[in-house]
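Taking it in order: structure first as C-alpha cells, then the write-up.
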Amino acid sequence: MEKLKYERPSIKQLNAGLMNKFGLKTEYNPVTHIDGAPVKQIIADYGSPVFVMSERQIRKNYQNALRAFKTRYPKVQFAWSYKTNYLSAVCNVFHQEGSWAEVVSGFEYNKALNNGVPGNKIIFNGPDKREEDIRLAIENDSLIHIDHFDELYFLIEICEKLDRKPRVAIRVNMDTGIYPMWDRFGFNYESGQAWNAINKIMSTDRLELVGLHSHIGTFMLSTSAYAVAAAKLCDLAYHFKLKYNQNIQYLDLGGGFPSTNTLKGSFLPGADTVPSIDEFAEAITTTILNYGFRQDELPLLMLETGRAMVDDAGYLLGTVLATKRLSDGRRATIMDFGVNLMFTSFWYDHKISPAQEFSHHTEDMVVYGPLCMNIDVVRESVSLPLLQRGDNVVVHKVGAYNMTQWMQFISMRPNVVMVDMNDKVHLIRRAEKLEDLQMMEVMPEYLEKHEL
Amino acid sequence: MKLRRNIATSESGFVFNPTNGDSFSTNPVGTEILFLLKEGMSFREIKDALVNRYDAEPSVVEKDIDDFALALKGFNLLEYES
Ligand SMILES: Cc1ncc(COP(=O)(O)O)c(C=O)c1O
C-alpha cells in the first residue's frame with residue numbers, strides 16, 4: 001500500500017471573532033518569484049540569506065512619486081537620500097531616473113561623486129561635516145545645508161580662507177503638531193533662531209543663501225504636518241524677499257513619507273493605513289501654490305524621499321535552520337537571518353512568506369534569527385505554515401536602511417543582487433569574507449605568537 | 001500521557017475544551033494523533049501507527065510527536081500526571 005504524504009502534526013488555538021495579536025490574516029501565500037526571477041534559483045546561485053533589490057519596483061516608485069508632484073507643481077527635484085540605501089547600483093538607478101544625491105557625511109559625499117553625480121547636484125546635509133568635506137563641497141559648488149551656528153561660523157571661516165562664496169541653505173526645525181518634535185537638527189523656526197541664522201548669513205556676504213530645508217521626521221503619518229512645514233518655510237522665504245529683495249531659489253521638504261510596512265504594535269497592515277504619496281504631494285504643493293509667490297518666482301520644490309522609494313523594492317531571502325517548542329508551548333522558528341541584517345525588525349512587523357507551496361494549516365510562532373543573543377527576534381508573533389528545516393522564506397519590504405545599518409556581528413553580510421527590468425539577476429554587492437575583516441586589523445608584533 | 005477526558009474532538013480537526021471554552025484546530029496528522037490518544041494508545045504506539053501509514057522517517061515522526069505533546073501540554077489539554 002502506498003504511504004500517505006506526511007505533514008508534521010499541528011494544533012492552533014482559535015480566537016473566535018477577535019482580532020488577535022497575530023494580525024488580521026495569515027501570511028502564507030507562497031512567494032516563488034521576485035519579479036520574474038525564481039527565489040529558489042537565486043538562493044541556489046547566491047546562497048542564503050541573500051538580499052534582492054527589484055529595479056522595476058525602484059523605478060516604479062520613483063516615477064510614481066515624480067508624477068504625484070509634477071502633476072501638481074511646476075518645478076520639482078528629487079535627491080536620493082544616500083543613507084537609506086547607498087549601494088551604488090541602487091543609487092545609479094535613481095540617478096538614471098534624474099534624482100540628485102542627498103548625503104550626510106564625507107564618505108557619502110565621495111560615494112556620490114564616485115557614482116558620477118556632478119558636485120552641483122549634491123545636497124550636503126547633517127551635523128557632522130568635516131573641514132576637508134566642506135572644502136570639497138565648496139570646490140564642487142555643492143549645496144551645503146547648515147545645521148547649527150557652530151557650523152555656520154566654521155563655514156564662514158573656511159570661505160574667508162578660500163575666498164569663495166558657496167551656495168547654502170539652512171535646515172529649519174519647527175512645530176508641525178507632531179510629537180516628538182525633531183528640534184535637534186537645524187535652526188528653530190518658532191524661537192526666531194532660523195531668522196537669526198538667515199540674518200547672520202546675509203550680514204557676512206560670504207555665503208549665498210539659496211534654499212531653506214526641513215526634514216520633520218521619518219515614517220510620518222500626517223499629511224497636514226507637511227502643510228505646516230511648507231507654510232513655515234514659505235513664510236521665511238517671503239520675509240527674506242521683503243527684507244533683502246532676493247528670492248529663495250528652493251524649498252527642500254526633506255524625506256519622511258512612510259513606506260507600506262506595518263509599524264510594530266499597529267493592528268492594521270501598513271498598506272491599509274498610510275497616506276499615499278499623492279496625498280503628501282497635495283498637502284505640500286497646495287500650500288506653496290496658495291502662499292502668494294509670483295508665478296515666475298515660485299521656488300523649486302526639492303524632496304529627499306528615502307524609505308518610501310525603496311522599502312518595498314527590497315527582499316531578504318532566507319532559510320529555516322530549526323523549529324523548536326518553547327517552554328510555554330509556543331512554536332519558535334529559527335532563521336538564518338536576524339536583526340544583524342534586519343535592523344528594521346525593531347520598528348516593523350515585516351511580512352514573511354514561505355517560498356514554497358504548503359497546506360492551509362498554519363501555526364502561530366515567534367521567529368528568531370541565528371544570533372546568540374536574546375534580542376534577535378525577527379517577529380514576535382506571526383502565523384505561518386508548518387515550516388521545517390531547509391524551507392525558504394521571503395521577507396518583504398526591507399529595501400530601506402537595512403543595507404546601510406546592517407551589523408557585522410557573528411555572521412558576515414551576505415550577497416545582494418538586483419533583478420533588472422528583464423528579470424535578469426545581477427550581483428551588486430558580494431558577500432563578505434573573513435579576509436575582508438582581517439584586512440583592516442593590525443596585529444602588534446608582540447602578540448603575534450602564543451603557545452597553547 | 002493522556003488527553004483530558006472532557007476534551008471534545010471532531011474528525012474535521014476541531015478541538016474544544018469545555019472547562020475554559022478554548023477551541024483549537026488541528027491538521028490531519030494532529031487530528032489523527034488526538035483520535036489515537038483518545039483510543040488509549042501511548043505515544044510510542046502512535047508513532048508506530050503513523051510510521052506505518054505515512055511516508056516519513058521514524059526519527060522525524062518521533063521528534064514531531066514529542067513536539068506536538070509539548071504543544072498539547074502548553075494548551076492544558078493533557079491530564080496531569082502524578
Ligand atoms: C535630512 C534627511 N533627508 C532625508 C531623509 C530620508 O528620510 P525618509 O527615509 O524618512 O524619507 C533623512 C532620513 O533620516 C534625513 O535625515
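Identifiers in the C-alpha cells: chain A, B, ... in order shown; residue index from 1 per chain; ligand index from 1 in order shown.
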Please write out the residues within 9 Å of ligand 1 as an NGL selection string, counting only C-alpha atoms and all ligand atoms.
-> :A and (79-84 or 102-104 or 124-126 or 171 or 185 or 213-220 or 253-259 or 303-311 or 400-401)
Among chain B, which residues carry a DSSP assignment of strand (DSSP E or B), reported as number ranges by chain?
-> B: 3, 8-9, 14-17, 22-26, 54-55, 78
Identify all residues of stretch 61-238 of chain A in alpha helix (DSSP H) (DSSP on the backbone) and supply them as a ChimeraX atom specification.
-> /A:61-70,88-97,106-114,131-139,149-162,193-204,223-238
Preceding selection exported with C-alpha atoms as a PDB file, in the first residue's frame:
```
ATOM      1  CA  ASN A  61       8.227  54.102  -7.030  1.00  0.00           C
ATOM      2  CA  TYR A  62      10.352  56.951  -8.334  1.00  0.00           C
ATOM      3  CA  GLN A  63       8.177  57.598 -11.355  1.00  0.00           C
ATOM      4  CA  ASN A  64       5.047  57.477  -9.252  1.00  0.00           C
ATOM      5  CA  ALA A  65       6.429  59.974  -6.736  1.00  0.00           C
ATOM      6  CA  LEU A  66       7.650  62.273  -9.502  1.00  0.00           C
ATOM      7  CA  ARG A  67       4.245  62.127 -11.202  1.00  0.00           C
ATOM      8  CA  ALA A  68       2.472  62.877  -7.925  1.00  0.00           C
ATOM      9  CA  PHE A  69       4.452  66.113  -7.506  1.00  0.00           C
ATOM     10  CA  LYS A  70       4.978  67.154 -11.149  1.00  0.00           C
ATOM     11  CA  SER A  88      25.964  52.157  -5.815  1.00  0.00           C
ATOM     12  CA  ALA A  89      23.788  50.141  -8.194  1.00  0.00           C
ATOM     13  CA  VAL A  90      20.707  51.285  -6.291  1.00  0.00           C
ATOM     14  CA  CYS A  91      21.894  54.909  -6.290  1.00  0.00           C
ATOM     15  CA  ASN A  92      22.533  54.791 -10.005  1.00  0.00           C
ATOM     16  CA  VAL A  93      19.020  53.580 -10.760  1.00  0.00           C
ATOM     17  CA  PHE A  94      17.836  56.760  -9.029  1.00  0.00           C
ATOM     18  CA  HIS A  95      20.428  58.890 -10.830  1.00  0.00           C
ATOM     19  CA  GLN A  96      19.353  57.398 -14.176  1.00  0.00           C
ATOM     20  CA  GLU A  97      15.819  58.444 -13.304  1.00  0.00           C
ATOM     21  CA  GLY A 106      32.077  62.949   3.848  1.00  0.00           C
ATOM     22  CA  PHE A 107      32.075  59.304   2.938  1.00  0.00           C
ATOM     23  CA  GLU A 108      28.593  59.512   1.414  1.00  0.00           C
ATOM     24  CA  TYR A 109      29.624  62.695  -0.373  1.00  0.00           C
ATOM     25  CA  ASN A 110      32.549  60.951  -2.015  1.00  0.00           C
ATOM     26  CA  LYS A 111      30.390  57.968  -2.864  1.00  0.00           C
ATOM     27  CA  ALA A 112      28.035  60.277  -4.754  1.00  0.00           C
ATOM     28  CA  LEU A 113      30.981  61.827  -6.625  1.00  0.00           C
ATOM     29  CA  ASN A 114      32.275  58.340  -7.448  1.00  0.00           C
ATOM     30  CA  GLU A 131      36.735  70.636   7.209  1.00  0.00           C
ATOM     31  CA  GLU A 132      38.034  68.583   4.298  1.00  0.00           C
ATOM     32  CA  ASP A 133      34.458  67.635   3.356  1.00  0.00           C
ATOM     33  CA  ILE A 134      33.353  71.255   3.428  1.00  0.00           C
ATOM     34  CA  ARG A 135      36.302  72.341   1.304  1.00  0.00           C
ATOM     35  CA  LEU A 136      35.499  69.657  -1.237  1.00  0.00           C
ATOM     36  CA  ALA A 137      31.835  70.651  -1.270  1.00  0.00           C
ATOM     37  CA  ILE A 138      32.759  74.295  -1.801  1.00  0.00           C
ATOM     38  CA  GLU A 139      35.112  73.460  -4.654  1.00  0.00           C
ATOM     39  CA  PHE A 149      25.573  78.055  14.402  1.00  0.00           C
ATOM     40  CA  ASP A 150      28.952  76.410  15.066  1.00  0.00           C
ATOM     41  CA  GLU A 151      28.890  75.086  11.541  1.00  0.00           C
ATOM     42  CA  LEU A 152      27.760  78.435  10.179  1.00  0.00           C
ATOM     43  CA  TYR A 153      30.723  80.236  11.766  1.00  0.00           C
ATOM     44  CA  PHE A 154      33.126  77.471  10.763  1.00  0.00           C
ATOM     45  CA  LEU A 155      31.903  77.672   7.189  1.00  0.00           C
ATOM     46  CA  ILE A 156      32.362  81.449   7.101  1.00  0.00           C
ATOM     47  CA  GLU A 157      35.924  80.976   8.378  1.00  0.00           C
ATOM     48  CA  ILE A 158      36.743  78.477   5.631  1.00  0.00           C
ATOM     49  CA  CYS A 159      35.220  80.719   2.982  1.00  0.00           C
ATOM     50  CA  GLU A 160      37.393  83.595   4.116  1.00  0.00           C
ATOM     51  CA  LYS A 161      40.472  81.409   3.673  1.00  0.00           C
ATOM     52  CA  LEU A 162      39.365  80.094   0.303  1.00  0.00           C
ATOM     53  CA  GLN A 193      16.589  81.189  15.602  1.00  0.00           C
ATOM     54  CA  ALA A 194      16.113  80.375  11.911  1.00  0.00           C
ATOM     55  CA  TRP A 195      15.532  84.030  11.102  1.00  0.00           C
ATOM     56  CA  ASN A 196      18.652  84.941  13.092  1.00  0.00           C
ATOM     57  CA  ALA A 197      20.668  82.443  11.061  1.00  0.00           C
ATOM     58  CA  ILE A 198      19.361  83.986   7.846  1.00  0.00           C
ATOM     59  CA  ASN A 199      20.329  87.469   9.022  1.00  0.00           C
ATOM     60  CA  LYS A 200      23.763  86.254  10.045  1.00  0.00           C
ATOM     61  CA  ILE A 201      24.331  84.730   6.613  1.00  0.00           C
ATOM     62  CA  MET A 202      23.212  87.915   4.875  1.00  0.00           C
ATOM     63  CA  SER A 203      25.399  90.086   7.057  1.00  0.00           C
ATOM     64  CA  THR A 204      28.631  88.266   6.167  1.00  0.00           C
ATOM     65  CA  THR A 223      -0.007  64.951   5.632  1.00  0.00           C
ATOM     66  CA  SER A 224      -1.025  68.127   7.444  1.00  0.00           C
ATOM     67  CA  ALA A 225       2.366  68.223   9.221  1.00  0.00           C
ATOM     68  CA  TYR A 226       3.918  68.745   5.773  1.00  0.00           C
ATOM     69  CA  ALA A 227       1.451  71.511   5.006  1.00  0.00           C
ATOM     70  CA  VAL A 228       2.542  73.232   8.226  1.00  0.00           C
ATOM     71  CA  ALA A 229       6.234  72.730   7.396  1.00  0.00           C
ATOM     72  CA  ALA A 230       5.774  74.058   3.860  1.00  0.00           C
ATOM     73  CA  ALA A 231       3.877  77.102   5.165  1.00  0.00           C
ATOM     74  CA  LYS A 232       6.613  77.944   7.664  1.00  0.00           C
ATOM     75  CA  LEU A 233       9.342  77.662   5.012  1.00  0.00           C
ATOM     76  CA  CYS A 234       7.236  79.841   2.693  1.00  0.00           C
ATOM     77  CA  ASP A 235       6.899  82.365   5.480  1.00  0.00           C
ATOM     78  CA  LEU A 236      10.673  82.584   5.889  1.00  0.00           C
ATOM     79  CA  ALA A 237      11.180  82.855   2.139  1.00  0.00           C
ATOM     80  CA  TYR A 238       8.545  85.584   1.930  1.00  0.00           C
TER      81      TYR A 238
END
```
Contact set, chain B to chain A: 12 Å, only C-alpha atoms, as a VMD selection string | chain B and resid 9 13 to 17 21 to 34 47 49 to 58 60 to 77
A straight line from atom CA of A:Gln408 to atom CA of A:Asp128 spans 23.7 Å
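One finds atom CA of A:Lys165 at 28.1 Å from atom CA of A:Asp183.
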Do you know which residues are at most 7 Å from A:Leu212 counting only C-alpha atoms, after dropping those on the same chain fewer than 3 positions away, and could you put them as a list in words?
-> Ala169, Ile170, Arg171, Leu233, Tyr250, Leu251 and Asp252 of chain A
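Of the residues under consideration (B:Pro18, B:Leu78, B:Leu3, B:Glu11), B:Leu3 shows the shortest atom-to-atom contact distance to B:Glu39 when counting only C-alpha atoms.
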Residue neighbourhood A:Ile334, 7 Å, only C-alpha atoms, exclusion window fewer than 2 positions, as a ChimeraX atom specification | /A:320-323,332,336,367-370
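Interatomic distance, atom CA of A:Gly338 to atom CA of A:Ile375: 9.4 Å.
Residues within 7 Å of A:Ser142, counting only C-alpha atoms and excluding same-chain residues fewer than 5 positions away, are Gly119, Asn120, Lys121, Ile122, Ile123 and Ala137 of chain A.
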